>>> print(open('input_8.cif').read())   # mmCIF, C-alpha atoms
data_upload
loop_
_atom_site.label_atom_id
_atom_site.label_comp_id
_atom_site.auth_asym_id
_atom_site.auth_seq_id
_atom_site.Cartn_x
_atom_site.Cartn_y
_atom_site.Cartn_z
CA MET A 1 -216.32 -51.07 18.31
CA GLN A 2 -214.11 -48.19 19.26
CA ASN A 3 -215.45 -46.18 16.35
CA ASN A 4 -219.11 -46.71 17.05
CA HIS A 5 -219.62 -43.76 19.32
CA ASP A 6 -217.19 -41.16 18.03
CA ASN A 7 -219.89 -38.55 17.88
CA GLU A 8 -221.14 -39.11 21.40
CA ALA A 9 -220.37 -36.70 24.18
CA GLY A 10 -217.70 -37.98 26.56
CA GLY A 11 -219.68 -39.32 29.51
CA ARG A 12 -222.48 -40.69 27.44
CA ARG A 13 -220.05 -42.19 24.98
CA GLN A 14 -218.22 -43.96 27.77
CA PHE A 15 -221.51 -45.09 29.23
CA LEU A 16 -222.76 -46.53 25.98
CA LYS A 17 -219.46 -48.23 25.34
CA CYS A 18 -219.54 -49.86 28.73
CA MET A 19 -223.14 -50.89 28.43
CA ALA A 20 -222.40 -52.39 25.05
CA TRP A 21 -219.52 -54.37 26.45
CA ALA A 22 -221.42 -55.36 29.52
CA GLY A 23 -224.53 -56.55 27.80
CA ALA A 24 -223.95 -56.68 24.09
CA GLY A 25 -224.80 -60.31 23.73
CA THR A 26 -223.03 -63.52 23.02
CA LEU A 27 -221.66 -64.95 19.83
CA TRP A 28 -222.23 -68.70 19.72
CA LEU A 29 -219.85 -70.82 17.67
CA MET A 30 -220.79 -74.34 16.66
CA LYS A 31 -217.72 -76.55 16.42
CA GLY A 32 -218.18 -80.21 15.66
CA GLY A 33 -221.65 -80.13 17.16
CA VAL A 34 -220.52 -78.51 20.40
CA LEU A 35 -221.43 -74.96 21.26
CA HIS A 36 -218.78 -72.45 22.31
CA ALA A 37 -219.58 -69.04 23.77
CA GLN A 38 -217.71 -65.95 22.81
CA PRO A 39 -218.49 -62.57 24.33
CA LEU A 40 -218.96 -60.18 21.44
CA GLY A 41 -215.94 -58.14 20.52
CA ASP A 42 -213.56 -60.28 22.53
CA GLY A 43 -211.39 -62.12 20.04
CA ALA A 44 -214.29 -63.70 18.22
CA THR A 45 -212.54 -63.52 14.88
CA ALA A 46 -209.70 -65.86 15.79
CA SER A 47 -212.06 -68.41 17.31
CA MET A 48 -214.27 -68.51 14.23
CA ALA A 49 -211.58 -70.37 12.27
CA ASP A 50 -212.77 -73.92 13.03
CA ALA A 51 -216.44 -73.18 13.67
CA SER A 52 -219.03 -74.59 11.30
CA PHE A 53 -221.32 -71.65 11.88
CA SER A 54 -222.23 -69.03 14.45
CA PHE A 55 -225.26 -67.19 15.68
CA ALA A 56 -225.64 -64.34 18.16
CA GLN A 57 -227.84 -64.20 21.23
CA ILE A 58 -229.36 -60.94 22.41
CA SER A 59 -231.65 -60.79 25.41
CA ASP A 60 -233.75 -58.60 27.66
CA SER A 61 -233.69 -55.37 25.67
CA HIS A 62 -236.62 -53.98 27.75
CA ILE A 63 -237.59 -51.26 25.28
CA GLY A 64 -239.68 -48.79 27.26
CA PHE A 65 -237.52 -48.90 30.39
CA HIS A 66 -236.19 -45.42 31.12
CA LYS A 67 -234.66 -45.31 34.57
CA GLU A 68 -231.29 -45.71 36.19
CA PRO A 69 -228.91 -47.23 35.36
CA ASN A 70 -229.88 -46.93 31.70
CA MET A 71 -231.89 -44.01 30.37
CA ASP A 72 -231.28 -45.13 26.78
CA VAL A 73 -232.12 -48.80 26.30
CA VAL A 74 -232.67 -48.16 22.58
CA GLY A 75 -229.12 -46.88 22.29
CA THR A 76 -227.60 -49.87 24.07
CA LEU A 77 -229.61 -52.33 21.96
CA ARG A 78 -228.56 -50.47 18.83
CA ALA A 79 -224.92 -50.68 19.97
CA SER A 80 -225.32 -54.43 20.48
CA VAL A 81 -226.73 -54.92 17.00
CA ALA A 82 -223.89 -52.82 15.58
CA LEU A 83 -221.37 -55.00 17.39
CA VAL A 84 -222.90 -58.13 15.89
CA ASN A 85 -222.81 -56.47 12.47
CA ALA A 86 -219.13 -55.69 12.96
CA GLN A 87 -218.15 -59.36 13.28
CA ALA A 88 -215.84 -60.46 10.50
CA ALA A 89 -217.85 -63.62 9.93
CA ARG A 90 -221.53 -62.85 9.82
CA PRO A 91 -223.62 -64.90 12.27
CA ASP A 92 -226.18 -67.01 10.44
CA PHE A 93 -228.99 -65.54 12.53
CA LEU A 94 -229.85 -63.77 15.77
CA LEU A 95 -231.68 -65.21 18.72
CA HIS A 96 -233.58 -62.85 21.04
CA THR A 97 -234.43 -64.67 24.24
CA GLY A 98 -237.23 -62.44 25.42
CA ASP A 99 -238.27 -59.28 27.23
CA LEU A 100 -238.03 -57.36 24.00
CA THR A 101 -240.16 -54.71 25.69
CA HIS A 102 -240.78 -53.53 29.22
CA LEU A 103 -244.58 -53.23 29.13
CA SER A 104 -245.77 -55.00 25.93
CA LYS A 105 -246.84 -51.68 24.40
CA PRO A 106 -247.27 -51.53 20.60
CA GLU A 107 -244.91 -48.58 20.32
CA GLU A 108 -242.28 -50.52 22.27
CA PHE A 109 -242.61 -53.45 19.86
CA ASP A 110 -242.37 -50.94 16.97
CA THR A 111 -239.10 -49.54 18.31
CA LEU A 112 -237.66 -53.00 18.92
CA ALA A 113 -238.52 -54.12 15.39
CA GLY A 114 -236.97 -50.97 13.96
CA VAL A 115 -233.66 -51.50 15.74
CA MET A 116 -233.53 -55.20 14.84
CA GLN A 117 -233.95 -54.23 11.18
CA GLU A 118 -230.52 -52.63 11.45
CA SER A 119 -229.08 -56.10 11.85
CA HIS A 120 -227.27 -57.57 8.86
CA ALA A 121 -228.41 -61.04 9.90
CA HIS A 122 -230.86 -62.68 7.55
CA LYS A 123 -233.18 -63.76 10.31
CA VAL A 124 -234.04 -63.12 13.96
CA PHE A 125 -235.73 -65.80 16.04
CA TYR A 126 -237.66 -64.66 19.12
CA VAL A 127 -239.27 -66.11 22.21
CA PRO A 128 -241.31 -63.89 24.54
CA GLY A 129 -240.44 -62.84 28.07
CA GLU A 130 -243.05 -62.15 30.71
CA HIS A 131 -242.75 -58.45 29.89
CA ASP A 132 -243.91 -59.17 26.33
CA VAL A 133 -247.20 -60.86 27.20
CA ILE A 134 -248.78 -58.34 29.60
CA GLY A 135 -252.50 -57.89 29.14
CA ASP A 136 -252.98 -59.99 26.01
CA SER A 137 -251.25 -63.31 26.74
CA GLY A 138 -248.73 -62.47 24.04
CA ALA A 139 -251.16 -61.94 21.14
CA GLU A 140 -249.32 -58.84 19.91
CA PHE A 141 -245.91 -60.47 20.37
CA PHE A 142 -246.87 -63.58 18.42
CA ARG A 143 -248.56 -61.55 15.69
CA ARG A 144 -245.33 -59.66 15.09
CA PHE A 145 -242.55 -62.07 15.99
CA GLY A 146 -244.09 -65.55 16.12
CA GLU A 147 -242.97 -68.42 13.91
CA ARG A 148 -246.55 -69.65 13.52
CA GLN A 149 -245.68 -73.34 13.71
CA HIS A 150 -248.05 -74.04 16.57
CA ALA A 151 -250.92 -72.16 18.23
CA GLY A 152 -248.99 -72.14 21.51
CA GLY A 153 -246.10 -70.24 19.92
CA TRP A 154 -243.36 -72.84 20.41
CA TYR A 155 -241.35 -74.00 17.42
CA SER A 156 -238.32 -75.91 16.17
CA PHE A 157 -236.04 -75.83 13.16
CA ASN A 158 -232.91 -77.49 11.85
CA HIS A 159 -229.86 -75.50 10.93
CA ARG A 160 -226.69 -77.10 9.58
CA GLY A 161 -227.23 -80.32 11.45
CA VAL A 162 -228.29 -78.72 14.74
CA HIS A 163 -231.87 -78.99 15.99
CA PHE A 164 -233.10 -75.72 17.54
CA VAL A 165 -236.17 -75.60 19.80
CA GLY A 166 -237.85 -72.37 20.96
CA LEU A 167 -240.01 -72.87 24.05
CA ILE A 168 -242.54 -70.57 25.74
CA ASN A 169 -242.45 -70.55 29.55
CA VAL A 170 -244.00 -67.19 30.42
CA LEU A 171 -247.71 -67.91 29.86
CA ASN A 172 -250.45 -69.45 32.00
CA LEU A 173 -248.36 -69.03 35.12
CA LYS A 174 -249.88 -70.38 38.32
CA ALA A 175 -250.12 -68.49 41.61
CA GLY A 176 -247.13 -69.32 43.76
CA GLY A 177 -245.29 -70.94 40.88
CA LEU A 178 -242.44 -70.19 38.51
CA GLY A 179 -242.23 -70.22 34.73
CA SER A 180 -244.35 -72.90 33.08
CA LEU A 181 -244.19 -74.98 29.91
CA GLY A 182 -247.50 -76.82 30.34
CA ALA A 183 -248.63 -80.30 29.40
CA GLU A 184 -249.45 -79.47 25.79
CA GLN A 185 -246.03 -77.98 25.06
CA LEU A 186 -244.26 -80.84 26.83
CA ALA A 187 -246.17 -83.38 24.73
CA TRP A 188 -245.17 -81.49 21.60
CA LEU A 189 -241.53 -81.38 22.69
CA LYS A 190 -241.44 -85.11 23.31
CA GLN A 191 -242.91 -85.72 19.88
CA ASP A 192 -240.62 -83.17 18.22
CA LEU A 193 -237.50 -84.89 19.55
CA ALA A 194 -238.71 -88.48 19.08
CA SER A 195 -237.38 -88.99 15.56
CA LEU A 196 -233.95 -87.45 16.19
CA SER A 197 -230.84 -89.53 16.69
CA ALA A 198 -228.95 -89.09 19.95
CA GLU A 199 -226.03 -87.69 17.95
CA THR A 200 -228.05 -84.65 16.85
CA PRO A 201 -226.78 -81.55 18.64
CA LEU A 202 -229.69 -79.83 20.37
CA LEU A 203 -230.10 -76.18 21.22
CA VAL A 204 -233.12 -75.29 23.36
CA PHE A 205 -233.97 -71.69 24.16
CA ALA A 206 -236.61 -69.98 26.29
CA HIS A 207 -236.84 -66.79 28.33
CA MET A 208 -236.95 -67.96 31.93
CA PRO A 209 -234.23 -70.33 33.17
CA LEU A 210 -235.08 -73.96 32.45
CA TRP A 211 -233.44 -75.02 35.69
CA PRO A 212 -234.07 -73.94 39.31
CA LEU A 213 -231.52 -71.12 39.30
CA TYR A 214 -233.10 -69.20 42.20
CA PRO A 215 -236.77 -70.03 42.81
CA PRO A 216 -237.29 -67.47 45.63
CA TRP A 217 -236.93 -64.79 42.95
CA GLY A 218 -238.91 -66.73 40.39
CA TRP A 219 -235.81 -67.76 38.48
CA GLY A 220 -236.86 -71.17 37.27
CA THR A 221 -239.55 -73.14 35.47
CA ASP A 222 -241.98 -75.40 37.35
CA ASP A 223 -241.96 -78.28 34.88
CA SER A 224 -238.47 -77.94 33.42
CA ALA A 225 -237.37 -81.29 34.90
CA GLU A 226 -239.86 -83.08 32.67
CA ALA A 227 -238.48 -81.29 29.60
CA MET A 228 -234.91 -82.12 30.61
CA SER A 229 -235.82 -85.80 30.87
CA TYR A 230 -236.50 -85.75 27.11
CA LEU A 231 -233.12 -84.15 26.40
CA ARG A 232 -230.91 -86.45 28.43
CA ARG A 233 -230.36 -89.10 25.77
CA PHE A 234 -228.70 -86.57 23.45
CA GLY A 235 -224.94 -86.18 23.39
CA SER A 236 -224.76 -82.41 23.14
CA VAL A 237 -227.50 -80.21 24.53
CA SER A 238 -227.27 -76.46 25.10
CA VAL A 239 -230.01 -74.52 26.88
CA LEU A 240 -230.00 -70.74 26.45
CA ASN A 241 -232.13 -68.46 28.59
CA GLY A 242 -232.43 -64.78 29.49
CA HIS A 243 -234.51 -63.23 32.28
CA VAL A 244 -231.84 -62.86 34.98
CA HIS A 245 -229.69 -60.21 33.22
CA GLN A 246 -226.41 -61.88 34.06
CA ILE A 247 -224.38 -64.88 33.07
CA GLN A 248 -225.15 -67.98 35.09
CA GLN A 249 -224.29 -71.45 33.97
CA LYS A 250 -224.63 -75.03 35.01
CA VAL A 251 -223.71 -78.42 33.58
CA GLU A 252 -225.90 -81.45 34.13
CA GLY A 253 -224.59 -84.49 32.28
CA ASN A 254 -224.48 -83.54 28.61
CA ILE A 255 -226.77 -80.57 29.15
CA THR A 256 -225.21 -77.13 29.52
CA PHE A 257 -227.38 -74.28 30.79
CA TYR A 258 -226.48 -70.68 30.13
CA THR A 259 -228.23 -67.40 30.89
CA ALA A 260 -227.43 -64.22 29.00
CA ARG A 261 -226.84 -60.67 30.05
CA SER A 262 -229.36 -57.96 29.23
CA THR A 263 -228.73 -55.24 26.69
CA ALA A 264 -230.61 -52.90 29.07
CA TYR A 265 -229.52 -53.24 32.71
CA PRO A 266 -227.94 -55.71 35.14
CA GLN A 267 -229.77 -57.47 37.97
CA PRO A 268 -228.16 -58.58 41.24
CA ALA A 269 -226.67 -62.01 41.74
CA PRO A 270 -229.14 -64.57 43.12
CA GLY A 271 -230.16 -63.70 46.67
CA VAL A 272 -228.03 -60.57 46.90
CA GLY A 273 -230.22 -57.78 48.23
CA PRO A 274 -233.96 -57.69 48.89
CA GLY A 275 -235.09 -58.76 45.43
CA PRO A 276 -234.45 -58.79 41.70
CA GLY A 277 -234.76 -55.69 39.55
CA PRO A 278 -232.43 -53.12 38.02
CA MET A 279 -229.16 -52.41 39.81
CA LYS A 280 -229.35 -48.64 40.00
CA ASP A 281 -226.16 -47.75 41.81
CA VAL A 282 -223.70 -48.96 39.23
CA ALA A 283 -221.41 -46.16 38.10
CA PRO A 284 -221.37 -46.15 34.29
CA GLY A 285 -217.60 -46.33 34.07
CA ALA A 286 -217.49 -49.25 36.49
CA LEU A 287 -220.24 -51.34 34.98
CA HIS A 288 -218.09 -53.64 32.91
CA ARG A 289 -215.75 -54.17 35.84
CA TYR A 290 -218.66 -54.89 38.08
CA LEU A 291 -220.06 -57.55 35.83
CA GLY A 292 -216.89 -59.00 34.36
CA ILE A 293 -216.74 -60.58 30.97
CA ARG A 294 -216.73 -64.33 30.71
CA ASP A 295 -215.50 -66.62 28.05
CA VAL A 296 -217.21 -69.97 28.26
CA ARG A 297 -216.23 -73.18 26.55
CA HIS A 298 -218.34 -76.26 26.45
CA VAL A 299 -216.33 -79.43 26.07
CA GLN A 300 -218.29 -82.50 25.18
CA GLY A 301 -217.51 -85.65 27.13
CA LYS A 302 -215.63 -84.05 29.97
CA GLN A 303 -218.90 -82.76 31.39
CA ALA A 304 -217.24 -79.66 32.67
CA LEU A 305 -216.96 -76.03 31.83
CA ALA A 306 -213.69 -74.20 31.75
CA VAL A 307 -214.54 -70.65 32.66
CA THR A 308 -212.13 -67.83 32.15
CA GLU A 309 -213.10 -64.45 33.41
CA GLY A 310 -211.35 -61.29 32.41
CA VAL A 311 -211.94 -57.62 32.89
CA LEU A 312 -211.94 -55.31 29.94
CA SER A 313 -209.75 -52.30 30.45
CA MET B 314 -269.88 -60.41 41.12
CA LEU B 315 -270.24 -57.73 43.71
CA TRP B 316 -266.81 -56.29 43.35
CA HIS B 317 -266.40 -52.84 42.05
CA ARG B 318 -263.33 -51.45 40.41
CA VAL B 319 -262.07 -47.89 40.35
CA THR B 320 -258.64 -46.46 39.83
CA LEU B 321 -258.10 -43.34 41.89
CA LEU B 322 -255.28 -41.41 43.41
CA TRP B 323 -254.98 -42.49 47.00
CA PRO B 324 -254.27 -39.39 49.12
CA MET B 325 -250.90 -40.45 50.52
CA ALA B 326 -249.73 -41.53 47.09
CA LEU B 327 -250.73 -38.26 45.48
CA CYS B 328 -247.27 -36.76 45.32
CA CYS B 329 -245.72 -39.60 43.38
CA ALA B 330 -248.61 -41.18 41.57
CA ILE B 331 -248.05 -39.35 38.31
CA GLY B 332 -248.72 -41.69 35.44
CA VAL B 333 -251.58 -43.57 37.00
CA ALA B 334 -253.68 -45.37 34.45
CA PRO B 335 -256.78 -43.57 33.24
CA ALA B 336 -259.57 -43.83 35.75
CA VAL B 337 -262.03 -46.64 35.15
CA MET B 338 -265.17 -45.36 36.78
CA ALA B 339 -268.22 -47.51 37.10
CA ALA B 340 -271.14 -45.85 38.78
CA SER B 341 -272.45 -48.01 41.56
CA ALA B 342 -274.20 -47.68 44.85
CA SER B 343 -271.19 -49.26 46.50
CA THR B 344 -269.04 -46.24 45.66
CA ALA B 345 -270.64 -44.18 48.38
CA LYS B 346 -270.08 -46.90 50.94
CA ALA B 347 -266.42 -47.40 50.02
CA ALA B 348 -265.25 -44.90 52.55
CA VAL B 349 -262.57 -47.17 53.99
CA THR B 350 -259.42 -47.67 51.98
CA SER B 351 -256.54 -50.03 52.65
CA GLN B 352 -253.26 -49.94 50.81
CA ILE B 353 -251.02 -52.77 49.70
CA GLU B 354 -247.53 -51.82 48.64
CA ILE B 355 -245.71 -53.81 45.98
CA ARG B 356 -242.04 -53.60 46.81
CA ASN B 357 -239.08 -55.87 46.10
CA PHE B 358 -241.30 -58.36 44.32
CA ALA B 359 -243.64 -58.83 47.28
CA PHE B 360 -247.06 -57.64 48.43
CA ALA B 361 -247.05 -55.88 51.80
CA PRO B 362 -248.97 -56.75 53.82
CA LYS B 363 -249.08 -60.22 52.34
CA THR B 364 -252.36 -60.96 54.09
CA LEU B 365 -254.88 -58.18 54.58
CA THR B 366 -258.07 -58.56 56.61
CA ILE B 367 -260.75 -55.96 55.91
CA PRO B 368 -264.45 -55.39 56.51
CA ALA B 369 -266.74 -55.81 53.51
CA GLY B 370 -266.99 -52.65 51.44
CA THR B 371 -263.34 -51.70 51.85
CA ARG B 372 -261.51 -50.36 48.85
CA VAL B 373 -258.08 -51.92 48.44
CA VAL B 374 -255.41 -50.01 46.57
CA TRP B 375 -252.25 -51.67 45.32
CA ILE B 376 -249.40 -49.34 44.48
CA ASN B 377 -246.26 -50.47 42.69
CA ARG B 378 -243.04 -49.18 44.27
CA ASP B 379 -240.81 -51.43 42.15
CA GLU B 380 -238.96 -50.53 38.98
CA GLU B 381 -240.43 -53.66 37.50
CA PRO B 382 -244.03 -53.83 36.27
CA HIS B 383 -246.47 -56.09 38.08
CA VAL B 384 -249.96 -57.37 37.29
CA VAL B 385 -252.40 -57.94 40.17
CA THR B 386 -254.40 -61.05 39.27
CA SER B 387 -257.06 -62.95 41.20
CA ALA B 388 -256.50 -66.69 41.60
CA GLY B 389 -259.78 -68.05 40.25
CA SER B 390 -260.73 -64.79 38.54
CA LEU B 391 -262.81 -63.48 41.44
CA PHE B 392 -261.94 -59.93 40.43
CA ALA B 393 -260.61 -58.35 37.24
CA PRO B 394 -256.84 -58.24 36.75
CA SER B 395 -254.98 -54.94 36.75
CA LYS B 396 -253.18 -53.62 33.75
CA GLY B 397 -249.41 -53.83 33.78
CA LEU B 398 -248.58 -51.50 36.67
CA ASP B 399 -245.44 -49.49 36.02
CA THR B 400 -243.57 -47.72 38.79
CA SER B 401 -245.99 -45.65 40.95
CA ASP B 402 -249.06 -46.93 39.13
CA SER B 403 -251.92 -48.07 41.31
CA TYR B 404 -254.96 -50.29 41.03
CA ALA B 405 -258.03 -50.44 43.24
CA VAL B 406 -260.72 -52.99 43.90
CA THR B 407 -263.63 -52.62 46.29
CA PHE B 408 -264.47 -55.86 48.04
CA SER B 409 -268.16 -56.01 48.82
CA LYS B 410 -268.60 -59.69 49.50
CA PRO B 411 -267.04 -61.56 52.45
CA GLY B 412 -264.62 -64.30 51.54
CA THR B 413 -260.96 -65.12 51.00
CA TYR B 414 -259.42 -63.70 47.85
CA ALA B 415 -256.06 -65.16 46.86
CA TYR B 416 -254.17 -63.18 44.26
CA TYR B 417 -250.76 -63.11 42.60
CA CYS B 418 -248.72 -61.27 40.02
CA SER B 419 -249.41 -62.96 36.70
CA ILE B 420 -245.91 -62.25 35.36
CA HIS B 421 -244.05 -62.98 38.62
CA PRO B 422 -246.28 -65.72 39.99
CA MET B 423 -244.15 -66.39 43.06
CA MET B 424 -245.60 -63.09 44.33
CA VAL B 425 -248.77 -64.07 46.18
CA GLY B 426 -251.13 -62.34 48.58
CA THR B 427 -254.46 -62.89 50.29
CA ILE B 428 -257.32 -60.56 51.13
CA ILE B 429 -259.76 -61.75 53.78
CA VAL B 430 -263.05 -59.88 53.61
CA GLN B 431 -265.17 -60.17 56.75
#
>>> encode(input="input_8.cif", output="structure tokens")
Amino acid sequence: MQNNHDNEAGGRRQFLKCMAWAGAGTLWLMKGGVLHAQPLGDGATASMADASFSFAQISDSHIGFHKEPNMDVVGTLRASVALVNAQAARPDFLLHTGDLTHLSKPEEFDTLAGVMQESHAHKVFYVPGEHDVIGDSGAEFFRRFGERQHAGGWYSFNHRGVHFVGLINVLNLKAGGLGSLGAEQLAWLKQDLASLSAETPLLVFAHMPLWPLYPPWGWGTDDSAEAMSYLRRFGSVSVLNGHVHQIQQKVEGNITFYTARSTAYPQPAPGVGPGPGPMKDVAPGALHRYLGIRDVRHVQGKQALAVTEGVLS
Amino acid sequence: MLWHRVTLLWPMALCCAIGVAPAVMAASASTAKAAVTSQIEIRNFAFAPKTLTIPAGTRVVWINRDEEPHVVTSAGSLFAPSKGLDTSDSYAVTFSKPGTYAYYCSIHPMMVGTIIVQ
């Protein structure tokens, strides 16, 4: 990590380094069917020892955004991908939890795809954010990044004993509402999970939070409770989302919810200030301190999270 | 439908409306009558004013003051949706027919507004 920006000018180098730390992404380690989070670059190597596999989550790259506090969202995404590449044990795949672009423009998708090709991972799985479906209900997104399992764009796959489900909750949104899964997707989800034993570890991902994190700012999904009712019988369920550009987490029985940081810019904590949107007044050198770096561990059975928060110096 | 859509620089927004989407001009007799313009600001993920009452024939201009894009969308498709409005982009609709027009942002649907045309 320290060598990634040797050629950068001082201020910009520092800025990029901080942005990379602040929003690089999360390395997820699967240990005995239970997911453990590891901020990238923060001792991930030691923790890999007893993990069966890992994957990395990247979110909210917002290619096309070019304002304070980040005039170079391509650079910060590229730094994130480089950090994932630098891991001693290669993650099996990457997960991008949406808002690849800022305005769904073809050239923004082109840029995103180009940077993601720099990843050493064999595969990147995507779900769209609301910024990726502007004007065409996601047609361009799905053409480029869709898994093509179902016309609605949602999909599932099994990887080393874990069942992964990618859900779409940014389409067909209703006036006055939040994110939406819709009846058709819910019926599919129910069917998709029906044949699985309760011992199967589940990992569900979507862009908008699948729990009412802060509805006044649209941070939730109208019909997420119905989806969660299908997940409750499973012993280990992890739900990964993006959208809010910060780490928020919640435990509900055996279900752990986690939102990721953005590789582009932070947003304020729920209800702090007049509304969501980029935090512009963060001094580059202070960004990592402002956000903090969290190390999250999910312990099955105890139904609790032990959260340690440290500041990178 | 009797609505008429144009995208124009509204005088007070002139200084900061660089980057407005290309004008969509549709020749219509209603253009000449659309002398009255009302503005709705999009700021902090809200429409202001949230409810706007106007006489028929008024041209309504939404202008996005947020860093986030927004999409003005009619509930019930009573008028055409805007494109994704980036910062300082604007969108205009002329309301010729009396009625109540509920609208929202299609990507941030908790943002709702109402236009009452008398």
>>> closest_atom_pairs(input="input_8.cif", of="chain B", to="chain A", cutoff="12 Å", atoms="all atoms listed in the file", output="JSON lines")
{"residue": "B:Ile355", "atom": "CA", "partner": "A:Gly275", "partner_atom": "CA", "distance": 11.7}
{"residue": "B:Arg356", "atom": "CA", "partner": "A:Gly275", "partner_atom": "CA", "distance": 8.8}
{"residue": "B:Asn357", "atom": "CA", "partner": "A:Gly275", "partner_atom": "CA", "distance": 5.0}
{"residue": "B:Phe358", "atom": "CA", "partner": "A:Gly275", "partner_atom": "CA", "distance": 6.3}
{"residue": "B:Ala359", "atom": "CA", "partner": "A:Gly275", "partner_atom": "CA", "distance": 8.7}
{"residue": "B:Arg378", "atom": "CA", "partner": "A:Gly277", "partner_atom": "CA", "distance": 11.5}
{"residue": "B:Asp379", "atom": "CA", "partner": "A:Gly277", "partner_atom": "CA", "distance": 7.8}
{"residue": "B:Glu380", "atom": "CA", "partner": "A:Gly277", "partner_atom": "CA", "distance": 6.7}
{"residue": "B:Glu381", "atom": "CA", "partner": "A:Gly277", "partner_atom": "CA", "distance": 6.4}
{"residue": "B:Pro382", "atom": "CA", "partner": "A:Leu103", "partner_atom": "CA", "distance": 7.2}
{"residue": "B:His383", "atom": "CA", "partner": "A:Ile134", "partner_atom": "CA", "distance": 9.1}
{"residue": "B:Val384", "atom": "CA", "partner": "A:Ile134", "partner_atom": "CA", "distance": 7.8}
{"residue": "B:Val385", "atom": "CA", "partner": "A:Ala175", "partner_atom": "CA", "distance": 10.9}
{"residue": "B:Thr386", "atom": "CA", "partner": "A:Ala175", "partner_atom": "CA", "distance": 8.9}
{"residue": "B:Ser387", "atom": "CA", "partner": "A:Ala175", "partner_atom": "CA", "distance": 8.9}
{"residue": "B:Ala388", "atom": "CA", "partner": "A:Ala175", "partner_atom": "CA", "distance": 6.6}
{"residue": "B:Gly389", "atom": "CA", "partner": "A:Ala175", "partner_atom": "CA", "distance": 9.8}
{"residue": "B:Ser390", "atom": "CA", "partner": "A:Ala175", "partner_atom": "CA", "distance": 11.6}
{"residue": "B:Ala393", "atom": "CA", "partner": "A:Gly135", "partner_atom": "CA", "distance": 11.5}
{"residue": "B:Pro394", "atom": "CA", "partner": "A:Gly135", "partner_atom": "CA", "distance": 8.8}
{"residue": "B:Ser395", "atom": "CA", "partner": "A:Gly135", "partner_atom": "CA", "distance": 8.5}
{"residue": "B:Lys396", "atom": "CA", "partner": "A:Gly135", "partner_atom": "CA", "distance": 6.3}
{"residue": "B:Gly397", "atom": "CA", "partner": "A:Ile134", "partner_atom": "CA", "distance": 6.2}
{"residue": "B:Leu398", "atom": "CA", "partner": "A:Leu103", "partner_atom": "CA", "distance": 8.7}
{"residue": "B:Asp399", "atom": "CA", "partner": "A:Leu103", "partner_atom": "CA", "distance": 7.9}
{"residue": "B:Thr400", "atom": "CA", "partner": "A:Lys67", "partner_atom": "CA", "distance": 10.1}
{"residue": "B:Ala415", "atom": "CA", "partner": "A:Ala175", "partner_atom": "CA", "distance": 8.6}
{"residue": "B:Tyr416", "atom": "CA", "partner": "A:Ala175", "partner_atom": "CA", "distance": 7.2}
{"residue": "B:Tyr417", "atom": "CA", "partner": "A:Ala175", "partner_atom": "CA", "distance": 5.5}
{"residue": "B:Cys418", "atom": "CA", "partner": "A:Ala175", "partner_atom": "CA", "distance": 7.5}
{"residue": "B:Ser419", "atom": "CA", "partner": "A:Leu173", "partner_atom": "CA", "distance": 6.4}
{"residue": "B:Ile420", "atom": "CA", "partner": "A:Glu130", "partner_atom": "CA", "distance": 5.5}
{"residue": "B:His421", "atom": "CA", "partner": "A:Gly218", "partner_atom": "CA", "distance": 6.6}
{"residue": "B:Pro422", "atom": "CA", "partner": "A:Ala175", "partner_atom": "CA", "distance": 5.0}
{"residue": "B:Met423", "atom": "CA", "partner": "A:Gly176", "partner_atom": "CA", "distance": 4.2}
{"residue": "B:Met424", "atom": "CA", "partner": "A:Gly176", "partner_atom": "CA", "distance": 6.4}
{"residue": "B:Val425", "atom": "CA", "partner": "A:Gly176", "partner_atom": "CA", "distance": 6.0}
{"residue": "B:Gly426", "atom": "CA", "partner": "A:Ala175", "partner_atom": "CA", "distance": 9.4}
{"residue": "B:Thr427", "atom": "CA", "partner": "A:Ala175", "partner_atom": "CA", "distance": 11.2}
>>> residues_around(input="input_8.cif", residues="Phe157 (chain A)", least_positions_apart="4", cutoff="12 Å", atoms="only C-alpha atoms", output="JSON, numbers by chain")
{"A": [125, 147, 149, 161, 162, 163, 164, 165, 166, 167, 192, 193, 202, 203, 204, 205]}
>>> resolve_selection(input="input_8.cif", expression="the PyMOL selection byres ((chain B and resi 411) around 10)", output="list in words")
Ile367, Pro368, Ala369, Gly370, Phe408, Ser409, Lys410, Gly412, Thr413, Tyr414, Ile428, Ile429, Val430 and Gln431 of chain B
>>> closest_residue(input="input_8.cif", among="A:Gly138, A:Leu27, A:Gly146, A:Glu107", to="Ala86 (chain A)", atoms="all atoms listed in the file")
A:Leu27
>>> resolve_selection(input="input_8.cif", expression="the PyMOL selection byres ((chain A and resi 227) around 9)", output="ChimeraX atom specification")
/A:181,186,189-190,210,223-226,228-231
>>> atom_distance(input="input_8.cif", atom1="CA of Ile58 (chain A)", atom2="CA of Glu199 (chain A)")
27.3 Å
>>> decode(input="input_8.cif", residues="region 407-417 of chain B", atoms="C-alpha atoms", output="CSV table (one decimal), in the first residue's frame")
chain,number,residue,atom,x,y,z
B,407,THR,CA,-45.8,23.7,-19.0
B,408,PHE,CA,-49.1,22.7,-17.3
B,409,SER,CA,-52.0,23.6,-19.5
B,410,LYS,CA,-54.7,21.5,-17.9
B,411,PRO,CA,-56.1,22.1,-14.4
B,412,GLY,CA,-55.7,19.2,-12.0
B,413,THR,CA,-53.4,17.9,-9.3
B,414,TYR,CA,-50.1,16.5,-10.4
B,415,ALA,CA,-48.2,14.4,-7.9
B,416,TYR,CA,-44.6,13.8,-8.7
B,417,TYR,CA,-41.5,12.3,-7.2
